[in-house]
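**Q** There's a structure below that I have some questions on.
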Amino acid sequence: MAESYQLFQYDSCLFCRQVRRFMVAAGLEIPLRNTMTDPAARTELMTGGGRATVPCLRIERDGVVNWLYESIVIIRYLESRPAAH
Ligand SMILES: N[C@@H](CCC(=O)N[C@@H](CS)C(=O)NCC(=O)O)C(=O)O
């Protein structure tokens, strides 16, 4: 089964911007969750990922959720997932 993604981030974060720029270049349309303007997104990130640092990619596969931190790690992960959506 395919994975589904959400990117937890906010506009002024330069590391988030790098991931968003990669997504545009790669043609990936991943839902964005803004932890600066949406308190529920920040709480979800804290609860699920364990810390508030952005960017963080929420990865769901077969009902299992993983949280991936670090912009370069996120980009490398998405580069290796051509079926990303
Ligand atoms: N090395 C990390 C740096 C991420 C980072 O410093 N994010 C800042 C925003 S630009 C942040 O979330 N700081 C608040 C925190 O860590 O709780 C990356 O490349 O993703």
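Chain labels run A, B, ... following the order of the structure tokens; each chain numbers its residues from 1, and ligands are numbered from 1 in the order shown.
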Step by step, measure atom-to-atom distances between ligand 1 and each residue using only C-alpha atoms and all ligand atoms, keep those at most 6 Å, then write them as an MDAnalysis selection string.

**A** chainID A and resid 13:15 52:55 70:71

**Q** Restricted to C-alpha atoms, what would the selected residues look like written as an mmCIF file, in the first residue's frame?

**A**
data_model
loop_
_atom_site.group_PDB
_atom_site.id
_atom_site.type_symbol
_atom_site.label_atom_id
_atom_site.label_comp_id
_atom_site.auth_asym_id
_atom_site.auth_seq_id
_atom_site.Cartn_x
_atom_site.Cartn_y
_atom_site.Cartn_z
ATOM 1 C CA CYS A 13 11.282 28.685 8.520
ATOM 2 C CA LEU A 14 14.217 28.471 6.085
ATOM 3 C CA PHE A 15 14.604 24.718 6.546
ATOM 4 C CA ALA A 52 8.006 20.941 17.999
ATOM 5 C CA THR A 53 10.913 21.286 15.567
ATOM 6 C CA VAL A 54 9.966 21.849 11.932
ATOM 7 C CA PRO A 55 10.110 20.700 9.239
ATOM 8 C CA GLU A 70 15.673 17.151 9.551
ATOM 9 C CA SER A 71 15.151 18.927 6.215
#

**Q** Write down as a list in words the residues belonging to chain A that are assigned strand (DSSP E) by DSSP computed on the backbone.

**A**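 Taking chain A and keeping strand (DSSP E) gives Ser4, Tyr5, Gln6, Leu7, Phe8, Gln9, Leu32, Arg33, Asn34, Cys56, Leu57, Arg58, Ile59, Glu60, Arg61, Val64, Val65, Asn66, Trp67, Leu68 and Tyr69 of chain A.
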
**Q** Separation of CA of Gln9 (chain A) and CA of Val24 (chain A), in Å?

**A**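 Atom-to-atom, CA of Gln9 (chain A) and CA of Val24 (chain A) are spaced 15.0 Å apart.
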
**Q** Can you tell me, as a list in words, what residues are no more than 10 Å from Glu44 (chain A) when counting only C-alpha atoms, ignoring any on the same chain fewer than 6 positions away?

**A** Phe8, Arg33, Thr35, Gly50, Arg51 and Ala52 of chain A

**Q** Kindly save the residues from that selection, with N, CA and C atoms included, as a PDB file, in the first residue's frame.

**A**
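Wrote result.pdb, looks like this:
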ATOM      1  N   PHE A   8       4.714  19.065   8.360  1.00  0.00           N
ATOM      2  CA  PHE A   8       4.516  20.043   9.426  1.00  0.00           C
ATOM      3  C   PHE A   8       5.611  21.097   9.275  1.00  0.00           C
ATOM      4  N   ARG A  33       0.921  21.363   7.021  1.00  0.00           N
ATOM      5  CA  ARG A  33       0.315  21.651   8.317  1.00  0.00           C
ATOM      6  C   ARG A  33       1.147  22.746   8.969  1.00  0.00           C
ATOM      7  N   THR A  35       2.389  24.851  11.821  1.00  0.00           N
ATOM      8  CA  THR A  35       2.432  24.774  13.280  1.00  0.00           C
ATOM      9  C   THR A  35       2.485  26.154  13.933  1.00  0.00           C
ATOM     10  N   GLY A  50       7.113  14.117  19.135  1.00  0.00           N
ATOM     11  CA  GLY A  50       7.880  14.235  20.373  1.00  0.00           C
ATOM     12  C   GLY A  50       8.544  15.580  20.570  1.00  0.00           C
ATOM     13  N   ARG A  51       8.625  16.383  19.516  1.00  0.00           N
ATOM     14  CA  ARG A  51       9.174  17.745  19.661  1.00  0.00           C
ATOM     15  C   ARG A  51       8.572  18.654  18.605  1.00  0.00           C
ATOM     16  N   ALA A  52       8.698  19.962  18.844  1.00  0.00           N
ATOM     17  CA  ALA A  52       8.006  20.941  17.999  1.00  0.00           C
ATOM     18  C   ALA A  52       8.817  21.385  16.791  1.00  0.00           C
TER      19      ALA A  52
END
